[in-house]
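Raw upload.txt, compact mmCIF, C-alpha atoms (C1' of nucleotides):
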```txt
# COMPACT_ATOMS: atom_id res chain seq x y z
CA MET A 258 47.57 168.01 6.16
CA GLN A 259 50.44 167.08 8.40
CA TYR A 260 50.48 166.04 12.01
CA ARG A 261 53.08 165.97 14.69
CA ILE A 262 53.29 162.93 16.87
CA GLY A 263 51.24 164.29 19.76
CA GLN A 264 48.45 165.44 17.49
CA LEU A 265 48.16 162.15 15.67
CA ALA A 266 48.34 160.19 18.88
CA GLN A 267 45.60 162.25 20.46
CA ASP A 268 43.41 162.08 17.36
CA LEU A 269 43.49 158.32 17.31
CA GLY A 270 43.47 157.81 21.03
CA CYS A 271 46.91 156.58 21.89
CA SER A 272 50.10 158.07 23.30
CA PRO A 273 53.13 159.48 21.47
CA GLU A 274 55.23 156.82 23.17
CA THR A 275 53.03 154.18 21.57
CA LEU A 276 53.66 155.68 18.13
CA ARG A 277 57.40 155.72 18.68
CA TYR A 278 57.12 152.14 19.85
CA TYR A 279 55.20 151.17 16.73
CA GLU A 280 57.90 152.78 14.67
CA ARG A 281 60.57 150.69 16.38
CA GLU A 282 58.38 147.66 15.79
CA GLY A 283 58.03 148.43 12.12
CA LEU A 284 54.29 149.05 12.25
CA LEU A 285 54.22 152.72 11.44
CA ASN A 286 56.98 154.87 9.99
CA ALA A 287 56.68 158.59 10.23
CA THR A 288 56.17 160.26 6.87
CA GLY A 289 59.37 162.17 7.54
CA ARG A 290 61.20 164.51 9.87
CA SER A 291 61.09 168.26 9.93
CA ALA A 292 64.24 170.36 10.21
CA ASN A 293 64.27 170.16 13.99
CA GLY A 294 64.05 166.39 13.98
CA TYR A 295 60.36 166.14 14.86
CA ARG A 296 58.45 163.31 13.23
CA PHE A 297 55.58 164.27 10.99
CA TYR A 298 52.76 162.19 9.60
CA ASN A 299 50.44 162.65 6.64
CA GLU A 300 47.02 161.23 5.81
CA ALA A 301 48.53 157.95 4.65
CA SER A 302 50.34 157.50 7.96
CA ARG A 303 47.16 158.39 9.74
CA ARG A 304 45.23 155.78 7.82
CA GLN A 305 47.90 153.20 8.54
CA LEU A 306 47.73 153.93 12.24
CA GLY A 307 43.96 153.53 12.03
CA PHE A 308 44.49 150.18 10.36
CA VAL A 309 46.86 149.07 13.11
CA LEU A 310 44.56 150.18 15.89
CA ARG A 311 41.47 148.59 14.38
CA ALA A 312 43.35 145.36 13.86
CA LYS A 313 44.49 145.49 17.46
CA ALA A 314 40.96 146.16 18.64
CA ILE A 315 39.69 143.01 17.02
CA GLY A 316 42.35 140.96 18.69
CA PHE A 317 45.32 140.74 16.36
CA SER A 318 48.77 140.76 17.89
CA LEU A 319 51.37 143.22 16.66
CA ASP A 320 53.11 140.36 14.87
CA GLU A 321 49.94 139.49 13.03
CA ILE A 322 49.34 143.13 12.23
CA ARG A 323 52.78 143.36 10.68
CA GLU A 324 51.76 140.46 8.48
CA LEU A 325 48.49 142.14 7.52
CA LEU A 326 50.33 145.38 6.78
CA ALA A 327 52.68 143.58 4.43
CA ILE A 328 49.69 142.26 2.51
CA ARG A 329 48.08 145.69 2.63
CA VAL A 330 50.97 147.35 0.84
CA GLU A 331 51.33 144.52 -1.65
CA PRO A 332 47.88 142.98 -2.05
CA GLU A 333 48.87 141.03 -5.15
CA SER A 334 51.36 139.09 -3.07
CA ALA A 335 48.60 137.32 -1.18
CA SER A 336 45.12 136.04 -1.85
CA CYS A 337 41.88 136.71 -0.08
CA GLY A 338 42.14 133.16 1.13
CA ASP A 339 45.48 133.91 2.82
CA VAL A 340 43.96 136.81 4.69
CA LYS A 341 40.89 134.83 5.64
CA LEU A 342 43.13 132.07 6.96
CA ILE A 343 44.83 134.52 9.30
CA ALA A 344 41.45 135.73 10.52
CA GLU A 345 40.12 132.22 10.97
CA HIS A 346 43.17 131.12 12.85
CA LYS A 347 42.71 134.06 15.18
CA LEU A 348 39.06 133.18 15.53
CA ALA A 349 39.98 129.69 16.63
CA VAL A 350 42.41 131.05 19.21
CA VAL A 351 39.81 133.45 20.55
CA ASP A 352 37.21 130.68 20.72
CA GLU A 353 39.63 128.58 22.69
CA LYS A 354 40.30 131.37 25.15
CA ILE A 355 36.57 131.92 25.57
CA ALA A 356 36.02 128.24 26.24
CA GLU A 357 38.77 128.25 28.86
CA LEU A 358 37.31 131.25 30.61
CA GLN A 359 33.84 129.72 30.50
CA ALA A 360 35.15 126.57 32.14
CA ILE A 361 36.69 128.73 34.85
CA ARG A 362 33.46 130.67 35.12
CA ARG A 363 31.44 127.50 35.60
CA ALA A 364 33.76 126.14 38.27
CA LEU A 365 33.81 129.46 40.03
CA GLY A 366 30.05 129.81 39.80
CA ARG A 367 29.56 126.34 41.26
CA VAL A 368 31.71 126.93 44.32
CA SER A 369 30.33 130.41 44.83
CA ASP A 370 26.72 129.30 44.56
CA ALA A 371 27.27 126.51 47.04
CA CYS A 372 28.51 128.97 49.66
CA CYS A 373 26.03 130.31 52.18
CA GLY A 374 27.79 133.66 52.27
CA GLY A 375 26.84 134.03 55.91
CA SER A 376 28.59 136.14 58.49
CA ALA A 377 29.67 133.17 60.59
CA GLY A 378 33.33 132.11 60.65
CA ALA A 379 34.60 130.51 57.50
CA ASP A 380 35.44 127.22 59.25
CA HIS A 381 32.95 125.28 57.19
CA CYS A 382 32.93 127.47 54.11
CA THR A 383 32.16 125.31 51.11
CA ILE A 384 34.42 127.39 48.89
CA LEU A 385 37.43 126.66 51.05
CA LYS A 386 36.39 123.03 51.24
CA ALA A 387 36.13 122.76 47.50
CA LEU A 388 39.63 124.17 47.16
CA GLU A 389 40.84 121.90 49.94
CA TRP A 390 39.59 118.69 48.49
CA GLY A 391 38.65 119.19 44.91
CA GLU A 392 35.11 119.51 43.75
CA ASN A 393 34.21 115.86 43.77
CA HIS A 394 35.02 115.34 47.40
CA ASP A 395 32.11 115.39 49.78
CA MET B 144 55.05 110.28 54.49
CA GLN B 145 57.57 112.84 53.34
CA TYR B 146 58.36 114.10 49.91
CA ARG B 147 61.28 115.82 48.34
CA ILE B 148 60.60 118.72 46.05
CA GLY B 149 60.81 116.79 42.79
CA GLN B 150 58.46 114.10 44.02
CA LEU B 151 55.82 116.52 45.23
CA ALA B 152 56.08 118.60 42.10
CA GLN B 153 55.66 115.57 39.88
CA ASP B 154 52.77 114.23 41.95
CA LEU B 155 50.80 117.43 41.61
CA GLY B 156 51.87 118.23 38.08
CA CYS B 157 54.16 121.20 38.39
CA SER B 158 57.90 121.79 38.40
CA PRO B 159 60.32 122.04 41.34
CA GLU B 160 61.11 125.58 40.19
CA THR B 161 57.45 126.44 40.62
CA LEU B 162 57.48 125.16 44.19
CA ARG B 163 60.58 127.17 45.02
CA TYR B 164 58.88 130.15 43.43
CA TYR B 165 55.76 129.61 45.51
CA GLU B 166 57.93 129.48 48.60
CA ARG B 167 59.50 132.82 47.74
CA GLU B 168 56.00 134.16 47.16
CA GLY B 169 54.81 132.92 50.52
CA LEU B 170 52.32 130.43 49.14
CA LEU B 171 53.92 127.23 50.27
CA ASN B 172 56.65 126.73 52.83
CA ALA B 173 58.49 123.48 52.94
CA THR B 174 57.78 121.46 56.05
CA GLY B 175 61.50 121.62 56.78
CA ARG B 176 64.97 120.90 55.55
CA SER B 177 66.91 117.71 55.91
CA ALA B 178 70.54 117.66 57.03
CA ASN B 179 71.84 118.22 53.52
CA GLY B 180 69.66 121.27 53.00
CA TYR B 181 67.01 119.59 50.85
CA ARG B 182 63.45 120.78 51.31
CA PHE B 183 60.94 118.19 52.47
CA TYR B 184 57.19 118.29 52.51
CA ASN B 185 54.58 116.36 54.47
CA GLU B 186 50.90 115.64 53.86
CA ALA B 187 49.89 119.07 55.10
CA SER B 188 52.24 120.77 52.64
CA ARG B 189 50.93 118.51 49.96
CA ARG B 190 47.35 119.48 50.74
CA GLN B 191 48.28 123.13 50.75
CA LEU B 192 49.88 122.83 47.34
CA GLY B 193 46.71 121.11 46.12
CA PHE B 194 44.71 124.04 47.48
CA VAL B 195 46.94 126.53 45.68
CA LEU B 196 46.79 124.67 42.39
CA ARG B 197 43.04 124.18 42.51
CA ALA B 198 42.55 127.85 43.30
CA LYS B 199 44.82 128.73 40.40
CA ALA B 200 42.90 126.41 38.10
CA ILE B 201 39.66 128.22 38.80
CA GLY B 202 41.22 131.52 37.97
CA PHE B 203 42.51 133.05 41.19
CA SER B 204 45.71 135.05 41.03
CA LEU B 205 48.57 134.25 43.36
CA ASP B 206 47.72 137.38 45.34
CA GLU B 207 44.16 136.19 45.81
CA ILE B 208 45.36 132.74 46.71
CA ARG B 209 47.55 134.23 49.43
CA GLU B 210 44.42 135.86 50.78
CA LEU B 211 42.47 132.60 50.67
CA LEU B 212 45.34 130.79 52.38
CA ALA B 213 45.32 133.30 55.20
CA ILE B 214 41.64 132.59 55.75
CA ARG B 215 42.28 128.89 55.45
CA VAL B 216 44.73 128.86 58.33
CA GLU B 217 42.57 131.12 60.45
CA PRO B 218 38.98 130.52 59.41
CA GLU B 219 37.55 132.36 62.42
CA SER B 220 39.18 135.54 61.18
CA ALA B 221 36.83 135.75 58.23
CA SER B 222 33.24 134.88 57.44
CA CYS B 223 31.76 132.77 54.71
CA GLY B 224 30.50 136.04 53.27
CA ASP B 225 34.06 137.36 53.01
CA VAL B 226 35.14 134.32 51.06
CA LYS B 227 32.08 134.44 48.86
CA LEU B 228 32.79 138.08 48.13
CA ILE B 229 36.25 137.21 46.85
CA ALA B 230 34.76 134.52 44.64
CA GLU B 231 32.03 136.79 43.35
CA HIS B 232 34.45 139.55 42.59
CA LYS B 233 36.53 137.10 40.61
CA LEU B 234 33.41 135.92 38.86
CA ALA B 235 32.63 139.46 37.78
CA VAL B 236 36.15 139.91 36.43
CA VAL B 237 35.96 136.65 34.51
CA ASP B 238 32.55 137.60 33.10
CA GLU B 239 33.98 140.87 31.93
CA LYS B 240 36.88 139.17 30.20
CA ILE B 241 34.50 136.75 28.52
CA ALA B 242 32.34 139.62 27.30
CA GLU B 243 35.41 141.38 25.88
CA LEU B 244 36.52 138.28 24.08
CA GLN B 245 33.04 137.70 22.74
CA ALA B 246 32.95 141.21 21.34
CA ILE B 247 36.27 140.52 19.63
CA ARG B 248 34.93 137.20 18.43
CA ARG B 249 31.87 138.83 16.89
CA ALA B 250 33.88 141.51 15.12
CA LEU B 251 36.35 138.96 13.88
CA GLY B 252 33.58 136.62 12.76
CA ARG B 253 31.87 139.41 10.86
CA VAL B 254 34.94 140.42 8.88
CA SER B 255 35.94 136.83 8.29
CA ASP B 256 32.48 135.78 7.09
CA ALA B 257 32.31 138.70 4.70
CA CYS B 258 35.53 137.59 3.00
CA CYS B 259 35.27 135.44 -0.10
CA GLY B 260 38.44 133.57 0.81
CA GLY B 261 39.23 133.17 -2.86
CA SER B 262 42.62 132.62 -4.38
CA ALA B 263 42.62 135.93 -6.24
CA GLY B 264 44.89 138.77 -5.09
CA ALA B 265 43.84 140.45 -1.90
CA ASP B 266 43.36 143.84 -3.55
CA HIS B 267 39.68 143.92 -2.76
CA CYS B 268 39.72 141.72 0.32
CA THR B 269 36.88 142.78 2.57
CA ILE B 270 38.91 142.01 5.67
CA LEU B 271 41.61 144.46 4.70
CA LYS B 272 38.93 146.97 3.75
CA ALA B 273 37.23 146.64 7.11
CA LEU B 274 40.54 147.31 8.83
CA GLU B 275 41.24 150.16 6.46
CA TRP B 276 38.05 152.03 6.99
CA GLY B 277 36.31 150.69 10.03
CA GLU B 278 33.35 148.41 9.86
CA ASN B 279 30.73 151.00 9.08
CA HIS B 280 32.38 152.25 5.97
CA ASP B 281 31.04 150.93 2.72
C1' DC C 161 85.23 106.24 41.09
C1' DT C 162 82.62 108.15 38.17
C1' DT C 163 78.24 108.96 36.05
C1' DG C 164 73.81 110.72 36.35
C1' DA C 165 69.87 112.15 38.85
C1' DC C 166 68.67 114.87 42.18
C1' DC C 167 69.11 119.03 45.21
C1' DC C 168 70.74 124.07 46.50
C1' DT C 169 71.32 129.44 45.75
C1' DA C 170 71.20 133.80 43.38
C1' DT C 171 70.29 136.17 39.45
C1' DA C 172 68.66 136.95 34.91
C1' DG C 173 65.39 136.24 31.20
C1' DC C 174 60.92 135.37 29.09
C1' DT C 175 56.07 136.93 27.20
C1' DG C 176 53.58 141.45 24.85
C1' DG C 177 52.76 145.90 24.70
C1' DC C 178 53.75 149.39 26.23
C1' DT C 179 55.41 153.19 29.99
C1' DT C 180 58.78 155.69 32.44
C1' DC C 181 63.12 157.84 33.22
C1' DA C 182 67.10 160.62 32.46
C1' DG C 183 68.78 164.24 30.11
C1' DG C 184 68.30 167.42 26.70
C1' DG C 185 66.51 170.53 22.55
C1' DT C 186 62.34 173.43 20.43
C1' DT C 187 58.35 176.11 20.14
C1' DT C 188 54.70 179.00 21.71
C1' DA C 189 52.45 182.07 24.71
C1' DT C 190 52.68 185.72 28.12
C1' DA D 110 62.67 186.43 29.25
C1' DT D 111 60.78 182.72 30.93
C1' DA D 112 57.70 179.10 31.62
C1' DA D 113 54.73 175.60 29.76
C1' DA D 114 54.14 172.44 26.45
C1' DC D 115 55.98 169.94 23.05
C1' DC D 116 59.65 167.09 20.81
C1' DC D 117 64.05 163.89 20.75
C1' DT D 118 67.10 159.55 22.17
C1' DG D 119 68.44 155.35 24.57
C1' DA D 120 67.78 152.50 28.17
C1' DA D 121 65.29 150.64 31.86
C1' DG D 122 61.03 149.18 34.11
C1' DC D 123 56.39 147.18 34.45
C1' DC D 124 52.75 143.20 34.74
C1' DA D 125 52.30 137.84 36.26
C1' DG D 126 54.00 133.69 36.68
C1' DC D 127 57.09 131.38 35.91
C1' DT D 128 61.67 129.39 33.42
C1' DA D 129 66.45 129.27 32.58
C1' DT D 130 71.33 129.81 33.63
C1' DA D 131 75.50 129.49 36.26
C1' DG D 132 77.91 127.31 39.56
C1' DG D 133 77.94 124.09 42.95
C1' DG D 134 76.72 120.18 46.67
C1' DT D 135 74.58 115.22 47.57
C1' DC D 136 73.69 110.56 46.82
C1' DA D 137 72.88 105.87 44.84
C1' DA D 138 74.13 102.60 41.27
C1' DG D 139 77.43 100.11 38.48
```
Can the structure in the file be given as structure tokens, please?
Amino acid sequence: MQYRIGQLAQDLGCSPETLRYYEREGLLNATGRSANGYRFYNEASRRQLGFVLRAKAIGFSLDEIRELLAIRVEPESASCGDVKLIAEHKLAVVDEKIAELQAIRRALGRVSDACCGGSAGADHCTILKALEWGENHD
Amino acid sequence: MQYRIGQLAQDLGCSPETLRYYEREGLLNATGRSANGYRFYNEASRRQLGFVLRAKAIGFSLDEIRELLAIRVEPESASCGDVKLIAEHKLAVVDEKIAELQAIRRALGRVSDACCGGSAGADHCTILKALEWGENHD
DNA sequence: CTTGACCCTATAGCTGGCTTCAGGGTTTAT
DNA sequence: ATAAACCCTGAAGCCAGCTATAGGGTCAAG
């Protein structure tokens, strides 16, 4: 079974432009070109695109995906431990981002909770005051 | 007390370029210019920059900060409820981002935990397999 | 009197991951 | 025959929030 770019893109939920972009980025080569110059893709290409998209969905950058793809085509070149290291590094980065956002969330929650939310003018709004003076100011 | 751009930037922990950028963006006007064309800032400018930076630190975008600044200079024009609404909207957005990252974290943790991490070739690496087939494939 | 630290402007570049545009060829359906 | 729907290329644009570059003026110290 062969697919043209639009078909494959639609099947896997992205746009043809994205596929052409991935090709430029070295993430997914078309299987070949037909006489008129149209790209075509086979099952292997389709699986590779699936790989790329799943990797993206769990947070890998395109650079990291390129790295994973290289291991995928030559699995003897790397060990399980190498792959796990990539995943764990990503995990650490994600954890850090979550912690940052949670700190923001806490600060935001504190100022928001302290605010009466009333319909009177915001002259004495505690949110504005917190921003004005920092949280530890009275 | 008056400050030149480099002094103020250093005091509040950002760069002069950032202050000039904020000026272009309408977030912080210099108090004035001295004869040689240098920007100068007074205590009010300094407080405003503090406001901007604190708002940024708790996750507001520059657009949102512009909005908060407008209320700050004319507090009668808006109610406490208006301000709280902005904060709560931001809170919802942050919560959503956290949830997204946590979903990524879970998926990443699952594939990583399932991997032996051994030094053998990655031919049968469960991480690569998960990416190859999706998580529900055996 | 020159060096170095500071300031100015305008414009371009960076990040990542696309998306859009301009301009054109191909295929399919009516 | 013609219109809609698809494909191609190369280059530019988008998002936010800066950061850097080029080219120049100002000012204090040695």
Contacts from chain C to chain A, 12 Å maximum, only C-alpha atoms (C1' of nucleotides): show me the residue list as JSON, numbers by chain. {"C": [176, 177, 178, 179, 180, 185, 186, 187]}
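Every protein, DNA or RNA residue with an atom at most 12 Å from Ala213 of chain B, where all atoms listed in the file count and chain neighbours fewer than 3 positions away do not, is listed here: Ala379 and Leu385 of chain A; Gly169, Leu170, Leu171, Gln191, Val195, Asp206, Glu207, Ile208, Arg209, Glu210, Val216, Glu217, Pro218, Glu219, Ser220, Ala221 and Val226 of chain B.
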Which residue gives the smallest distance to chain B among A:Ser369, A:Gln264, A:Thr288, A:Ser302, with only C-alpha atoms counted?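 Of A:Ser369, A:Gln264, A:Thr288, A:Ser302, the one nearest chain B is A:Ser369, counting only C-alpha atoms.
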Please produce, as JSON lines, a per-residue contact table for chain D versus chain B (criterion: any atom at most 8 Å away, all atoms listed in the file considered), showing the nearest atom pair and its distance in Å to one decimal, sorted by chain then residue number.
```
{"residue": "D:DC127", "atom": "C1'", "partner": "B:Thr161", "partner_atom": "CA", "distance": 6.8}
{"residue": "D:DT128", "atom": "C1'", "partner": "B:Glu160", "partner_atom": "CA", "distance": 7.8}
{"residue": "D:DT135", "atom": "C1'", "partner": "B:Asn179", "partner_atom": "CA", "distance": 7.2}
```
For the contact check between chain A and chain B, emit one row per residue of chain A within 6 Å, containing the shortest atom pair and the distance in Å rounded to one decimal, counting all atoms listed in the file, chain then rising number order, as a tab-separated table.
```
residue	atom	partner	partner_atom	distance
A:Phe308	CA	B:Glu275	CA	5.1
A:Arg311	CA	B:Leu274	CA	5.8
A:Ile315	CA	B:Ile247	CA	5.0
A:Pro332	CA	B:Ala265	CA	4.8
A:Glu333	CA	B:Gly264	CA	4.6
A:Ala335	CA	B:Gly264	CA	5.6
A:Ser336	CA	B:Gly264	CA	4.2
A:Cys337	CA	B:Ala265	CA	4.6
A:Gly338	CA	B:Gly260	CA	3.7
A:Lys341	CA	B:Gly260	CA	5.6
A:Ile361	CA	B:Ile201	CA	5.0
A:Ser369	CA	B:Lys227	CA	6.0
A:Gly374	CA	B:Gly224	CA	3.7
A:Gly375	CA	B:Gly224	CA	4.9
A:Ser376	CA	B:Ser222	CA	4.9
A:Ala377	CA	B:Ser222	CA	5.1
A:Gly378	CA	B:Ser222	CA	4.2
A:Ala379	CA	B:Ser222	CA	4.6
A:Asp380	CA	B:Pro218	CA	4.8
A:Cys382	CA	B:Cys223	CA	5.5
A:Leu388	CA	B:Phe194	CA	5.1
A:Glu389	CA	B:Phe194	CA	5.1
```
Determine, counting all atoms listed in the file, every residue of protein, DNA or RNA that lies within 12 Å of (75.0, 133.8, 46.6) in the file coordinates, then give the result as a PyMOL selection string. (chain C and resi 168-171) or (chain D and resi 131-133)
By how many Å are atom CA of Leu265 of chain A and atom CA of Arg303 of chain A apart? 7.1 Å
If you measure from atom C1' of DC123 of chain D to atom C1' of DA182 of chain C, what distance in Å do you get, rounded to one decimal? 17.3 Å
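Every polymer residue reaching to within 12 Å of (60.5, 167.5, 20.1), counting all atoms listed in the file, appears in this list: A:Arg261, A:Ile262, A:Gly263, A:Pro273, A:Arg290, A:Ser291, A:Ala292, A:Asn293, A:Gly294, A:Tyr295, A:Arg296, A:Phe297, C:DG184, C:DG185, C:DT186, C:DT187, D:DA114, D:DC115, D:DC116, D:DC117, D:DT118.
Going from atom C1' of DG134 of chain D to atom CA of Asn185 of chain B covers 23.8 Å.
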Need a file for segment 150-177 of chain B from that block: N, CA and C atoms, written as a short mmCIF file (atom, residue, chain, number, x, y, z; two decimals), in the first residue's frame.
```cif
data_model
loop_
_atom_site.label_atom_id
_atom_site.label_comp_id
_atom_site.auth_asym_id
_atom_site.auth_seq_id
_atom_site.Cartn_x
_atom_site.Cartn_y
_atom_site.Cartn_z
N GLN B 150 21.91 51.08 35.78
CA GLN B 150 21.77 50.98 37.23
C GLN B 150 20.46 50.30 37.60
N LEU B 151 19.38 50.80 37.01
CA LEU B 151 18.05 50.27 37.32
C LEU B 151 17.96 48.80 36.91
N ALA B 152 18.49 48.53 35.72
CA ALA B 152 18.45 47.15 35.23
C ALA B 152 19.18 46.22 36.20
N GLN B 153 20.36 46.64 36.60
CA GLN B 153 21.16 45.81 37.50
C GLN B 153 20.45 45.63 38.84
N ASP B 154 19.90 46.73 39.35
CA ASP B 154 19.22 46.68 40.64
C ASP B 154 18.10 45.64 40.64
N LEU B 155 17.35 45.62 39.55
CA LEU B 155 16.18 44.73 39.53
C LEU B 155 16.47 43.43 38.78
N GLY B 156 17.70 43.24 38.39
CA GLY B 156 18.07 41.94 37.82
C GLY B 156 17.62 41.69 36.39
N CYS B 157 17.68 42.73 35.56
CA CYS B 157 17.47 42.46 34.14
C CYS B 157 18.48 43.26 33.34
N SER B 158 18.39 43.25 32.03
CA SER B 158 19.38 43.94 31.23
C SER B 158 18.82 45.27 30.70
N PRO B 159 19.71 46.20 30.39
CA PRO B 159 19.28 47.47 29.80
C PRO B 159 18.45 47.24 28.53
N GLU B 160 18.85 46.25 27.74
CA GLU B 160 18.11 45.94 26.52
C GLU B 160 16.66 45.59 26.85
N THR B 161 16.48 44.87 27.92
CA THR B 161 15.13 44.50 28.34
C THR B 161 14.32 45.75 28.67
N LEU B 162 14.93 46.70 29.36
CA LEU B 162 14.20 47.93 29.70
C LEU B 162 13.83 48.70 28.44
N ARG B 163 14.76 48.79 27.50
CA ARG B 163 14.44 49.49 26.26
C ARG B 163 13.33 48.76 25.53
N TYR B 164 13.38 47.43 25.59
CA TYR B 164 12.33 46.63 24.98
C TYR B 164 10.98 46.89 25.66
N TYR B 165 10.97 46.95 26.96
CA TYR B 165 9.73 47.21 27.68
C TYR B 165 9.19 48.59 27.33
N GLU B 166 10.08 49.52 27.10
CA GLU B 166 9.64 50.86 26.71
C GLU B 166 8.94 50.80 25.35
N ARG B 167 9.57 50.11 24.41
CA ARG B 167 8.94 49.96 23.09
C ARG B 167 7.57 49.29 23.21
N GLU B 168 7.48 48.36 24.15
CA GLU B 168 6.24 47.60 24.35
C GLU B 168 5.22 48.34 25.20
N GLY B 169 5.59 49.53 25.64
CA GLY B 169 4.65 50.31 26.44
C GLY B 169 4.47 49.81 27.86
N LEU B 170 5.46 49.16 28.41
CA LEU B 170 5.35 48.65 29.77
C LEU B 170 6.06 49.53 30.78
N LEU B 171 7.01 50.29 30.30
CA LEU B 171 7.77 51.12 31.22
C LEU B 171 8.42 52.28 30.49
N ASN B 172 7.87 53.47 30.66
CA ASN B 172 8.51 54.65 30.09
C ASN B 172 9.56 55.16 31.04
N ALA B 173 10.62 55.68 30.46
CA ALA B 173 11.60 56.36 31.30
C ALA B 173 10.95 57.60 31.87
N THR B 174 11.43 58.02 33.03
CA THR B 174 10.91 59.25 33.63
C THR B 174 11.21 60.43 32.71
N GLY B 175 12.35 60.39 32.08
CA GLY B 175 12.73 61.45 31.14
C GLY B 175 14.08 61.17 30.52
N ARG B 176 14.59 62.19 29.85
CA ARG B 176 15.90 62.07 29.24
C ARG B 176 16.77 63.21 29.74
N SER B 177 18.01 62.93 30.01
CA SER B 177 18.90 64.03 30.36
C SER B 177 19.42 64.69 29.09
#
```
